[in-house]
Structure formats: structure tokens, C-alpha cells
>>> print(open('entry.pdb').read())   # PDB, C-alpha atoms
ATOM      1  CA  MET T   1      65.095 -85.359-137.652
ATOM      2  CA  VAL T   2      62.290 -85.964-135.195
ATOM      3  CA  ARG T   3      59.753 -86.130-138.022
ATOM      4  CA  ARG T   4      61.837 -88.611-140.043
ATOM      5  CA  ALA T   5      62.443 -90.801-137.003
ATOM      6  CA  GLY T   6      58.705 -90.816-136.358
ATOM      7  CA  LEU T   7      57.884 -91.791-139.913
ATOM      8  CA  SER T   8      60.471 -94.557-139.826
ATOM      9  CA  TYR T   9      58.996 -95.901-136.603
ATOM     10  CA  HIS T  10      55.447 -96.049-137.972
ATOM     11  CA  ALA T  11      56.714 -97.527-141.184
ATOM     12  CA  LEU T  12      58.414-100.315-139.262
ATOM     13  CA  GLN T  13      55.153-100.970-137.382
ATOM     14  CA  LEU T  14      53.247-101.202-140.657
ATOM     15  CA  ILE T  15      55.813-103.545-142.191
ATOM     16  CA  GLY T  16      55.660-105.816-139.099
ATOM     17  CA  PHE T  17      51.873-105.914-139.216
ATOM     18  CA  VAL T  18      51.821-106.764-142.941
ATOM     19  CA  PHE T  19      54.440-109.478-142.387
ATOM     20  CA  ALA T  20      52.419-111.047-139.555
ATOM     21  CA  CYS T  21      49.264-111.004-141.667
ATOM     22  CA  SER T  22      51.135-112.623-144.553
ATOM     23  CA  VAL T  23      52.416-115.431-142.359
ATOM     24  CA  ILE T  24      48.922-116.080-140.988
ATOM     25  CA  TYR T  25      47.466-115.951-144.524
ATOM     26  CA  LEU T  26      50.003-118.442-145.887
ATOM     27  CA  PHE T  27      49.515-120.791-142.917
ATOM     28  CA  GLU T  28      45.735-120.769-143.113
ATOM     29  CA  THR T  29      45.781-121.196-146.890
ATOM     30  CA  GLU T  30      48.036-124.216-146.485
ATOM     31  CA  GLN T  31      45.641-125.705-143.928
ATOM     32  CA  GLY T  32      42.675-125.053-146.176
ATOM     33  CA  ASN T  33      40.783-123.043-143.582
ATOM     34  CA  LEU T  34      40.446-119.911-145.706
ATOM     35  CA  ARG T  35      38.946-121.813-148.597
ATOM     36  CA  THR T  36      36.518-123.833-146.533
ATOM     37  CA  ASP T  37      35.293-121.782-143.576
ATOM     38  CA  GLY T  38      36.872-118.344-143.345
ATOM     39  CA  GLY T  39      40.267-118.659-141.672
ATOM     40  CA  ILE T  40      40.637-117.603-138.023
ATOM     41  CA  VAL T  41      36.975-116.648-137.826
ATOM     42  CA  GLY T  42      36.136-120.030-139.246
ATOM     43  CA  ILE T  43      38.190-121.792-136.565
ATOM     44  CA  LEU T  44      36.312-119.965-133.800
ATOM     45  CA  THR T  45      32.997-120.643-135.521
ATOM     46  CA  LYS T  46      33.876-124.294-135.844
ATOM     47  CA  GLU T  47      34.690-124.517-132.126
ATOM     48  CA  LYS T  48      31.379-122.892-131.236
ATOM     49  CA  ALA T  49      29.545-125.261-133.557
ATOM     50  CA  ARG T  50      31.309-128.246-131.995
ATOM     51  CA  ALA T  51      30.373-127.062-128.493
ATOM     52  CA  SER T  52      26.788-126.513-129.598
ATOM     53  CA  GLU T  53      26.623-130.002-131.078
ATOM     54  CA  GLN T  54      27.894-131.490-127.819
ATOM     55  CA  LYS T  55      25.313-129.530-125.817
ATOM     56  CA  ASN T  56      22.510-130.629-128.129
ATOM     57  CA  ALA T  57      23.680-134.221-127.964
ATOM     58  CA  ALA T  58      23.648-134.099-124.170
ATOM     59  CA  SER T  59      20.164-132.600-124.169
ATOM     60  CA  PHE T  60      18.951-135.280-126.562
ATOM     61  CA  ALA T  61      20.539-137.972-124.422
ATOM     62  CA  MET T  62      18.594-136.799-121.374
ATOM     63  CA  LYS T  63      15.304-136.831-123.277
ATOM     64  CA  SER T  64      15.879-140.090-125.071
ATOM     65  CA  ASP T  65      14.659-143.375-123.670
ATOM     66  CA  ASN T  66      17.743-145.064-125.115
ATOM     67  CA  ILE T  67      20.527-143.379-123.166
ATOM     68  CA  ASN T  68      23.875-145.080-123.564
ATOM     69  CA  VAL T  69      24.713-145.709-119.909
ATOM     70  CA  SER T  70      28.125-147.075-120.834
ATOM     71  CA  SER T  71      29.178-143.586-121.931
ATOM     72  CA  PRO T  72      27.602-141.126-119.484
ATOM     73  CA  SER T  73      30.189-138.363-119.840
ATOM     74  CA  ALA T  74      27.988-136.428-122.262
ATOM     75  CA  ILE T  75      25.392-135.751-119.575
ATOM     76  CA  ASP T  76      27.489-135.703-116.408
ATOM     77  CA  ASP T  77      27.733-131.919-116.361
ATOM     78  CA  VAL T  78      24.168-131.167-117.400
ATOM     79  CA  PRO T  79      22.273-129.814-114.336
ATOM     80  CA  VAL T  80      18.801-131.092-113.509
ATOM     81  CA  PRO T  81      16.287-128.217-113.554
ATOM     82  CA  ASP T  82      14.923-127.250-110.131
ATOM     83  CA  ASN T  83      11.366-128.065-111.152
ATOM     84  CA  GLN T  84      12.417-131.684-111.737
ATOM     85  CA  GLN T  85      13.728-132.200-108.184
ATOM     86  CA  ILE T  86      11.700-134.714-106.186
ATOM     87  CA  THR T  87       9.860-132.931-103.363
ATOM     88  CA  LYS T  88       7.439-134.124-100.709
ATOM     89  CA  PRO T  89       3.994-132.581-100.356
ATOM     90  CA  ILE T  90       3.575-130.152 -97.466
ATOM     91  CA  LEU T  91       1.693-130.940 -94.288
ATOM     92  CA  LEU T  92       0.994-127.598 -92.641
ATOM     93  CA  LEU T  93      -0.040-128.098 -89.026
ATOM     94  CA  HIS T  94      -1.617-125.057 -87.419
ATOM     95  CA  LEU T  95      -1.398-125.949 -83.729
ATOM     96  CA  GLY T  96      -2.759-122.916 -81.919
ATOM     97  CA  PRO T  97      -2.266-122.513 -79.011
ATOM     98  CA  SER T  98      -5.797-121.931 -77.754
ATOM     99  CA  LYS T  99      -7.205-118.401 -77.572
ATOM    100  CA  THR T 100      -5.076-117.138 -80.466
ATOM    101  CA  GLY T 101      -7.712-116.852 -83.176
ATOM    102  CA  SER T 102      -7.778-120.557 -84.043
ATOM    103  CA  SER T 103     -11.559-120.784 -84.461
ATOM    104  CA  THR T 104     -11.539-117.808 -86.822
ATOM    105  CA  LEU T 105      -8.796-119.346 -88.952
ATOM    106  CA  GLN T 106     -10.585-122.696 -89.043
ATOM    107  CA  VAL T 107     -13.791-121.045 -90.257
ATOM    108  CA  TYR T 108     -11.904-119.472 -93.143
ATOM    109  CA  PHE T 109      -9.956-122.644 -93.925
ATOM    110  CA  LYS T 110     -13.327-124.273 -94.527
ATOM    111  CA  LYS T 111     -14.945-121.274 -96.212
ATOM    112  CA  GLU T 112     -12.072-120.667 -98.624
ATOM    113  CA  GLN T 113     -11.395-124.328 -99.404
ATOM    114  CA  HIS T 114     -11.841-123.658-103.140
ATOM    115  CA  LEU T 115      -9.101-121.015-103.047
ATOM    116  CA  LEU T 116      -6.779-123.279-101.099
ATOM    117  CA  GLU T 117      -7.288-126.061-103.629
ATOM    118  CA  LYS T 118      -6.278-123.705-106.442
ATOM    119  CA  ASP T 119      -2.935-123.414-104.656
ATOM    120  CA  GLY T 120      -2.726-127.186-104.235
ATOM    121  CA  TYR T 121      -3.852-127.390-100.583
ATOM    122  CA  HIS T 122      -6.556-129.527 -99.006
ATOM    123  CA  TYR T 123      -7.964-128.496 -95.622
ATOM    124  CA  ASP T 124      -8.748-131.542 -93.497
ATOM    125  CA  ARG T 125     -11.258-131.022 -90.657
ATOM    126  CA  ASN T 126     -10.869-134.526 -89.213
ATOM    127  CA  PHE T 127      -7.631-133.569 -87.473
ATOM    128  CA  ARG T 128      -9.672-131.242 -85.279
ATOM    129  CA  LYS T 129     -12.494-133.720 -84.727
ATOM    130  CA  PHE T 130     -10.498-136.735 -83.580
ATOM    131  CA  VAL T 131      -9.412-135.003 -80.347
ATOM    132  CA  LYS T 132     -13.036-135.251 -79.214
ATOM    133  CA  THR T 133     -13.133-139.011 -79.785
ATOM    134  CA  THR T 134      -9.775-140.100 -78.379
ATOM    135  CA  GLU T 135      -7.554-138.834 -75.583
ATOM    136  CA  CYS T 136      -4.718-141.260 -76.259
ATOM    137  CA  PHE T 137      -2.242-138.686 -77.585
ATOM    138  CA  PHE T 138      -2.587-136.746 -74.341
ATOM    139  CA  VAL T 139      -2.038-139.680 -71.962
ATOM    140  CA  PRO T 140       1.628-140.577 -71.296
ATOM    141  CA  ASN T 141       1.229-144.358 -71.030
ATOM    142  CA  CYS T 142      -1.399-144.823 -73.716
ATOM    143  CA  ALA T 143      -0.682-147.311 -76.530
ATOM    144  CA  VAL T 144      -0.787-144.797 -79.380
ATOM    145  CA  GLU T 145      -1.373-147.552 -81.937
ATOM    146  CA  GLU T 146      -4.960-147.421 -80.687
ATOM    147  CA  VAL T 147      -5.269-144.013 -82.331
ATOM    148  CA  ALA T 148      -5.142-145.734 -85.708
ATOM    149  CA  GLN T 149      -8.484-147.335 -84.840
ATOM    150  CA  ASP T 150     -10.178-143.962 -84.363
ATOM    151  CA  GLU T 151     -12.568-143.167 -87.205
ATOM    152  CA  ASN T 152     -11.665-139.472 -87.488
ATOM    153  CA  TRP T 153      -7.937-140.187 -87.333
ATOM    154  CA  GLY T 154      -8.414-142.750 -90.079
ATOM    155  CA  LYS T 155     -10.156-140.160 -92.259
ATOM    156  CA  PHE T 156      -7.341-137.706 -91.601
ATOM    157  CA  VAL T 157      -4.672-140.235 -92.565
ATOM    158  CA  ALA T 158      -6.657-141.081 -95.718
ATOM    159  CA  SER T 159      -6.499-137.417 -96.754
ATOM    160  CA  LEU T 160      -2.725-137.547 -96.324
ATOM    161  CA  ARG T 161      -2.609-140.141 -99.090
ATOM    162  CA  SER T 162      -4.278-137.842-101.615
ATOM    163  CA  GLY T 163      -0.936-136.529-102.888
ATOM    164  CA  MET T 164      -1.967-132.911-102.213
ATOM    165  CA  ASN T 165      -0.521-130.476 -99.719
ATOM    166  CA  VAL T 166      -2.612-130.705 -96.553
ATOM    167  CA  ILE T 167      -3.592-128.113 -93.937
ATOM    168  CA  ALA T 168      -4.703-129.375 -90.525
ATOM    169  CA  SER T 169      -5.640-127.275 -87.513
ATOM    170  CA  ASN T 170      -6.086-128.079 -83.841
ATOM    171  CA  GLU T 171      -5.616-125.475 -81.123
ATOM    172  CA  VAL T 172      -4.994-127.822 -78.183
ATOM    173  CA  PHE T 173      -2.990-130.602 -79.828
ATOM    174  CA  ALA T 174       0.484-129.120 -79.380
ATOM    175  CA  THR T 175       0.067-128.111 -75.734
ATOM    176  CA  ARG T 176      -1.684-131.277 -74.553
ATOM    177  CA  PHE T 177       0.377-133.737 -76.589
ATOM    178  CA  ALA T 178       2.179-136.119 -74.224
ATOM    179  CA  ASP T 179       5.950-135.694 -74.536
ATOM    180  CA  GLU T 180       6.648-139.427 -74.840
ATOM    181  CA  PRO T 181       9.049-141.199 -77.267
ATOM    182  CA  ALA T 182       6.362-143.639 -78.446
ATOM    183  CA  HIS T 183       3.995-140.758 -79.232
ATOM    184  CA  TRP T 184       6.607-138.866 -81.259
ATOM    185  CA  ASP T 185       7.638-142.028 -83.124
ATOM    186  CA  PHE T 186       4.014-142.666 -84.085
ATOM    187  CA  LEU T 187       3.593-139.141 -85.488
ATOM    188  CA  LYS T 188       6.841-139.341 -87.435
ATOM    189  CA  ARG T 189       5.763-142.605 -89.050
ATOM    190  CA  GLU T 190       2.348-141.219 -89.961
ATOM    191  CA  PHE T 191       3.834-138.023 -91.405
ATOM    192  CA  SER T 192       6.945-139.543 -92.995
ATOM    193  CA  SER T 193       5.823-138.890 -96.575
ATOM    194  CA  PHE T 194       5.358-135.169 -95.908
ATOM    195  CA  ASP T 195       7.443-132.078 -95.439
ATOM    196  CA  VAL T 196       5.982-131.092 -92.067
ATOM    197  CA  LYS T 197       5.667-127.379 -91.351
ATOM    198  CA  ILE T 198       4.228-126.216 -88.034
ATOM    199  CA  VAL T 199       2.662-122.820 -87.410
ATOM    200  CA  LEU T 200       2.135-121.447 -83.898
ATOM    201  CA  VAL T 201       0.401-118.149 -83.228
ATOM    202  CA  TYR T 202       1.705-115.426 -80.926
ATOM    203  CA  ARG T 203      -0.727-113.351 -78.889
ATOM    204  CA  ARG T 204       0.450-110.849 -76.282
ATOM    205  CA  TYR T 205       0.695-112.709 -72.990
ATOM    206  CA  PHE T 206      -1.365-110.226 -70.975
ATOM    207  CA  GLU T 207      -4.102-110.338 -73.585
ATOM    208  CA  TRP T 208      -3.990-114.105 -73.857
ATOM    209  CA  MET T 209      -4.210-114.806 -70.100
ATOM    210  CA  PRO T 210      -7.578-113.050 -69.407
ATOM    211  CA  SER T 211      -9.026-114.718 -72.500
ATOM    212  CA  HIS T 212      -7.838-118.093 -71.226
ATOM    213  CA  TYR T 213      -9.390-117.328 -67.814
ATOM    214  CA  TYR T 214     -12.732-116.479 -69.387
ATOM    215  CA  GLU T 215     -12.617-119.682 -71.443
ATOM    216  CA  GLN T 216     -12.390-121.706 -68.234
ATOM    217  CA  PHE T 217     -15.441-120.046 -66.659
ATOM    218  CA  ARG T 218     -17.580-118.955 -69.574
ATOM    219  CA  PRO T 219     -21.339-119.306 -69.025
ATOM    220  CA  GLY T 220     -22.624-122.845 -69.478
ATOM    221  CA  ARG T 221     -19.323-124.576 -68.751
ATOM    222  CA  THR T 222     -19.244-127.076 -65.897
ATOM    223  CA  ARG T 223     -16.768-125.593 -63.463
ATOM    224  CA  SER T 224     -16.311-128.796 -61.478
ATOM    225  CA  LYS T 225     -14.270-130.216 -64.362
ATOM    226  CA  VAL T 226     -11.736-127.420 -64.548
ATOM    227  CA  ASN T 227      -9.194-125.712 -62.354
ATOM    228  CA  GLY T 228      -8.896-128.246 -59.591
ATOM    229  CA  GLY T 229     -12.583-128.810 -59.068
ATOM    230  CA  TRP T 230     -13.633-125.280 -58.109
ATOM    231  CA  ASP T 231     -17.399-125.491 -58.314
ATOM    232  CA  ALA T 232     -18.567-123.370 -55.375
ATOM    233  CA  LYS T 233     -17.875-120.076 -57.086
ATOM    234  CA  ILE T 234     -15.947-118.496 -59.918
ATOM    235  CA  PRO T 235     -12.627-117.258 -58.509
ATOM    236  CA  ILE T 236     -11.460-113.740 -59.120
ATOM    237  CA  PHE T 237      -8.737-113.495 -61.717
ATOM    238  CA  VAL T 238      -5.894-112.880 -59.222
ATOM    239  CA  ASP T 239      -6.697-115.977 -57.188
ATOM    240  CA  TRP T 240      -7.182-118.058 -60.300
ATOM    241  CA  TYR T 241      -3.842-116.934 -61.722
ATOM    242  CA  ARG T 242      -2.002-117.887 -58.535
ATOM    243  CA  GLY T 243      -3.530-121.350 -58.751
ATOM    244  CA  TYR T 244      -2.738-121.519 -62.465
ATOM    245  CA  ARG T 245       0.948-120.845 -61.784
ATOM    246  CA  LYS T 246       1.098-123.657 -59.240
ATOM    247  CA  ARG T 247      -0.690-126.165 -61.473
ATOM    248  CA  SER T 248       0.933-125.214 -64.772
ATOM    249  CA  GLU T 249       4.464-124.160 -63.936
ATOM    250  CA  PRO T 250       5.984-125.373 -67.252
ATOM    251  CA  THR T 251       3.433-123.425 -69.288
ATOM    252  CA  VAL T 252       3.484-120.205 -67.278
ATOM    253  CA  GLN T 253       5.775-118.936 -69.999
ATOM    254  CA  HIS T 254       3.993-117.917 -73.151
ATOM    255  CA  PRO T 255       2.122-121.000 -74.451
ATOM    256  CA  ALA T 256       3.471-120.537 -77.985
ATOM    257  CA  ALA T 257       7.028-120.513 -76.583
ATOM    258  CA  PHE T 258       6.306-123.636 -74.525
ATOM    259  CA  ASP T 259       4.893-125.474 -77.547
ATOM    260  CA  LYS T 260       7.769-124.405 -79.775
ATOM    261  CA  ILE T 261      10.398-125.715 -77.351
ATOM    262  CA  LYS T 262       8.585-129.052 -77.053
ATOM    263  CA  TRP T 263       7.926-129.607 -80.759
ATOM    264  CA  GLU T 264      11.042-128.270 -82.479
ATOM    265  CA  ARG T 265      13.154-131.173 -81.197
ATOM    266  CA  HIS T 266      11.091-133.475 -83.408
ATOM    267  CA  PHE T 267       9.709-131.207 -86.155
ATOM    268  CA  PRO T 268      12.177-128.322 -86.495
ATOM    269  CA  ASP T 269      10.392-126.379 -89.259
ATOM    270  CA  ILE T 270       8.310-124.119 -87.007
ATOM    271  CA  SER T 271       7.013-120.642 -87.841
ATOM    272  CA  ILE T 272       5.550-118.144 -85.380
ATOM    273  CA  PHE T 273       2.684-116.051 -86.703
ATOM    274  CA  ASN T 274       2.200-112.712 -84.937
ATOM    275  CA  MET T 275      -1.557-112.089 -84.890
ATOM    276  CA  HIS T 276      -0.932-108.403 -84.071
ATOM    277  CA  ASN T 277       0.912-107.633 -87.319
ATOM    278  CA  ASN T 278      -2.304-106.866 -89.187
ATOM    279  CA  PRO T 279      -5.194-106.911 -86.694
ATOM    280  CA  GLU T 280      -7.670-105.617 -89.292
ATOM    281  CA  ASP T 281      -7.030-108.615 -91.546
ATOM    282  CA  MET T 282      -5.435-111.364 -89.479
ATOM    283  CA  VAL T 283      -6.833-114.086 -91.731
ATOM    284  CA  GLY T 284      -5.495-112.495 -94.916
ATOM    285  CA  ASP T 285      -2.119-111.981 -93.254
ATOM    286  CA  PHE T 286      -2.016-115.654 -92.255
ATOM    287  CA  PHE T 287      -3.039-116.895 -95.711
ATOM    288  CA  CYS T 288      -0.477-114.726 -97.478
ATOM    289  CA  ASN T 289       2.503-115.321 -95.194
ATOM    290  CA  MET T 290       2.058-118.759 -93.628
ATOM    291  CA  ILE T 291       0.612-120.837 -96.486
TER     292      ILE T 291
END
>>> encode(input="entry.pdb", output="C-alpha cells")
Amino acid sequence: MVRRAGLSYHALQLIGFVFACSVIYLFETEQGNLRTDGGIVGILTKEKARASEQKNAASFAMKSDNINVSSPSAIDDVPVPDNQQITKPILLLHLGPSKTGSSTLQVYFKKEQHLLEKDGYHYDRNFRKFVKTTECFFVPNCAVEEVAQDENWGKFVASLRSGMNVIASNEVFATRFADEPAHWDFLKREFSSFDVKIVLVYRRYFEWMPSHYYEQFRPGRTRSKVNGGWDAKIPIFVDWYRGYRKRSEPTVQHPAAFDKIKWERHFPDISIFNMHNNPEDMVGDFFCNMI
């Protein structure tokens, strides 16, 4: 009995399947699908073909100069490739601070200019030079429009109009720059066509400070112009540091931290380069990770 019941059950399944297939066959034959494009498979193929035609039409519409703007629905959902997005060139400002390997980096910016240009960057040396010909950016009440008359600043601005990414380096600019609204507004206008990226370099504070001390009193430097007019003798480091703290209270913190706090309110894209990460190849590390 169990065997017969089982056979009857499978037989009923087979009959139901055949009946369903017959209904589908008759319906598709009536509609003409089996004769023209293969029945159910043909319907799916037709839908795919229709979708493909719509996609191709949208693609053609984007490439054609004669797009029908009165019927934009065909291209509304077509994404614009990333490489077609409008982007500004990069202005990479390496702003020191002083005694953090700036001179070494500047030598290699110049030496490896041909490699930088292969990556679409132009190194402009005028940004470093103009500090020697004008002090206006560092004086709070100076009319910064006068900077535009400086020859080296003019050459720097001309390089900004080249359409290339630009690298500029100046180790004292960030620290000495006068924190005045008119000064910031001037920079923002001059750099408005660029995506401004600032790089500051970190050097261990208790390595940086003795180097900074030596810079003030290195042989051949006129001491009467630095450190409050000390010209009778070179002070010992401890005495000098006490005077430095009194004169430079805001910058007693690490100079890179001081510069970052001042500049990020106006140019927030700031990176800190740790010069100790790869001391055997600091320049290569900078080129690979900061540019």
C-alpha cells in the first residue's frame, strides 16, 4: 500500500507539471512568442535587449553634441565618471618651521624638478625669495596690497597661473606671518583658484631648541640684531632659553604646533610630517608621503 500511494503521489506531481507546461505552451503560442523569439527565454532576452538599448541611448546622448534637453530622463541616472569631476590644481605650501630640514628639502625640490614635473608639479623658488625683499606680511598694520608690487611675489603669482600643481617652500613664513584679517583675506584671494595643502615638519622639541639657539649665534651673524640686542657676549644656553621664554611665550610650545593652530583656522588642510620616521632618507619619505 505504501508503494502504491507513493507511485500515485509522484504520478500526480508529473501530471500537474505537464499540465502547467501545456498551459504555458498554449499561452505563449497564442502570443506568438514561441515562434518569434523563444517563449519565456525570449521574453527575458527581450527585456535585457530593451535595457541595453536604453543604456546605449543614454551613453550616446551624453557624448552627442545634440542632446535633447527637453527630455533629459534618459541621462538623469547616468553617473559622471570620477575623472571628469572638475578639480582645482594643488598648491602645496611647505612652511617649515625653521630648523626642521627645510634647506635640505628645498635643495632637492630644485634638484629633482624634472621628476616633480613628471607628476604634474612645478617648484617655485620665488616664494622663498620674496621674504628677503618685503616684510609686509610680517607687520600687523602693513597694507598687504603693497606685496603685489614686489617683483618676486609677482613671479610667484605668475607661476600660480600656469595651471600646474605648485610646490612652494618657506621656513619662516608660517611663524612670522602676522595674524591679521587683512593679511589672511589677501592670501585667500591670491590662492582662491587652488586646493591649498599645507605641510609642517615635526622635529623633537629638545633637538629643535639647541639648533634654534645655534642659528641665532652662529659664526658671522651680527648678534646685535637678535635676542634683544645682546652683543657683548654669546649667552649660555640656559640664560638664552629663559630670555626666549619671556620674549616668545606663545611659541614656547612646539613651533609646528603653534603654526598649525594659527593656520588651520584659515587653511584647514594641514599635514604634519615627522622627520624622524625615516632619518636615513627624510627627503624620499617626504616626496613619497607628502606630495
>>> residues_around(input="entry.pdb", residues="T:His183", least_positions_apart="2", cutoff="10 Å", atoms="all atoms listed in the file", output="number ranges by chain")
T: 136-145, 177-181, 185-188
>>> closest_atom_pairs(input="entry.pdb", of="stretch 137-205 of chain T", to="stretch 265-277 of chain T", cutoff="8 Å", atoms="only C-alpha atoms", output="Markdown table")
| residue | atom | partner | partner_atom | distance |
| --- | --- | --- | --- | --- |
| T:Trp184 | CA | T:His266 | CA | 7.3 |
| T:Val196 | CA | T:Phe267 | CA | 7.0 |
| T:Lys197 | CA | T:Asp269 | CA | 5.3 |
| T:Ile198 | CA | T:Ile270 | CA | 4.7 |
| T:Val199 | CA | T:Ser271 | CA | 4.9 |
| T:Leu200 | CA | T:Ile272 | CA | 5.0 |
| T:Val201 | CA | T:Phe273 | CA | 4.7 |
| T:Tyr202 | CA | T:Asn274 | CA | 4.9 |
| T:Arg203 | CA | T:Met275 | CA | 6.2 |
>>> resolve_selection(input="entry.pdb", expression="the PyMOL selection byres ((chain T and resi 125-129) around 7)", output="ChimeraX atom specification")
/T:123-124,130-132,152-153,155-156,168-170
>>> atom_distance(input="entry.pdb", atom1="atom CA of T:Asn278", atom2="atom CA of T:Met164")
29.1 Å
>>> closest_residue(input="entry.pdb", among="T:Gln113, T:Thr133, T:Gln106, T:Ser162", to="T:Phe194", atoms="all atoms listed in the file")
T:Ser162
>>> closest_residue(input="entry.pdb", among="T:Val238, T:Met209, T:Val172, T:Ile291", to="T:Gly96", atoms="only C-alpha atoms")
T:Val172
>>> residues_around(input="entry.pdb", residues="T:His122", least_positions_apart="3", cutoff="8 Å", atoms="all atoms listed in the file", output="list in words")
Gln113, Leu116, Glu117, Met164, Asn165, Val166 and Ile167 of chain T
>>> closest_residue(input="entry.pdb", among="T:Gly154, T:Pro89, T:Pro255, T:Pro279", to="T:Trp208", atoms="all atoms listed in the file")
T:Pro255
>>> decode(input="entry.pdb", residues="stretch 133-145 of chain T", atoms="N, CA and C atoms", output="PDB file, in the first residue's frame")
ATOM      1  N   THR T 133      62.776  90.523   0.301  1.00  0.00           N
ATOM      2  CA  THR T 133      62.573  91.822  -0.336  1.00  0.00           C
ATOM      3  C   THR T 133      61.371  92.575   0.219  1.00  0.00           C
ATOM      4  N   THR T 134      60.557  91.932   1.020  1.00  0.00           N
ATOM      5  CA  THR T 134      59.432  92.632   1.644  1.00  0.00           C
ATOM      6  C   THR T 134      59.123  92.007   2.995  1.00  0.00           C
ATOM      7  N   GLU T 135      58.836  92.865   3.956  1.00  0.00           N
ATOM      8  CA  GLU T 135      58.499  92.412   5.310  1.00  0.00           C
ATOM      9  C   GLU T 135      57.005  92.602   5.588  1.00  0.00           C
ATOM     10  N   CYS T 136      56.259  93.006   4.589  1.00  0.00           N
ATOM     11  CA  CYS T 136      54.884  93.448   4.817  1.00  0.00           C
ATOM     12  C   CYS T 136      54.010  92.375   5.453  1.00  0.00           C
ATOM     13  N   PHE T 137      54.170  91.114   5.041  1.00  0.00           N
ATOM     14  CA  PHE T 137      53.341  90.053   5.597  1.00  0.00           C
ATOM     15  C   PHE T 137      53.571  89.864   7.097  1.00  0.00           C
ATOM     16  N   PHE T 138      54.702  90.337   7.593  1.00  0.00           N
ATOM     17  CA  PHE T 138      55.070  90.092   8.975  1.00  0.00           C
ATOM     18  C   PHE T 138      54.804  91.290   9.881  1.00  0.00           C
ATOM     19  N   VAL T 139      54.264  92.368   9.291  1.00  0.00           N
ATOM     20  CA  VAL T 139      53.973  93.590  10.040  1.00  0.00           C
ATOM     21  C   VAL T 139      52.456  93.739  10.167  1.00  0.00           C
ATOM     22  N   PRO T 140      51.930  93.802  11.385  1.00  0.00           N
ATOM     23  CA  PRO T 140      50.470  93.803  11.582  1.00  0.00           C
ATOM     24  C   PRO T 140      49.720  94.882  10.819  1.00  0.00           C
ATOM     25  N   ASN T 141      50.221  96.098  10.774  1.00  0.00           N
ATOM     26  CA  ASN T 141      49.461  97.202  10.183  1.00  0.00           C
ATOM     27  C   ASN T 141      49.877  97.529   8.753  1.00  0.00           C
ATOM     28  N   CYS T 142      50.621  96.633   8.136  1.00  0.00           N
ATOM     29  CA  CYS T 142      51.087  96.900   6.777  1.00  0.00           C
ATOM     30  C   CYS T 142      49.940  96.724   5.770  1.00  0.00           C
ATOM     31  N   ALA T 143      49.894  97.581   4.766  1.00  0.00           N
ATOM     32  CA  ALA T 143      48.907  97.443   3.683  1.00  0.00           C
ATOM     33  C   ALA T 143      49.387  96.328   2.753  1.00  0.00           C
ATOM     34  N   VAL T 144      48.811  95.136   2.917  1.00  0.00           N
ATOM     35  CA  VAL T 144      49.345  93.964   2.216  1.00  0.00           C
ATOM     36  C   VAL T 144      49.222  94.073   0.702  1.00  0.00           C
ATOM     37  N   GLU T 145      48.379  94.993   0.210  1.00  0.00           N
ATOM     38  CA  GLU T 145      48.294  95.165  -1.236  1.00  0.00           C
ATOM     39  C   GLU T 145      49.643  95.582  -1.821  1.00  0.00           C
TER      40      GLU T 145
END
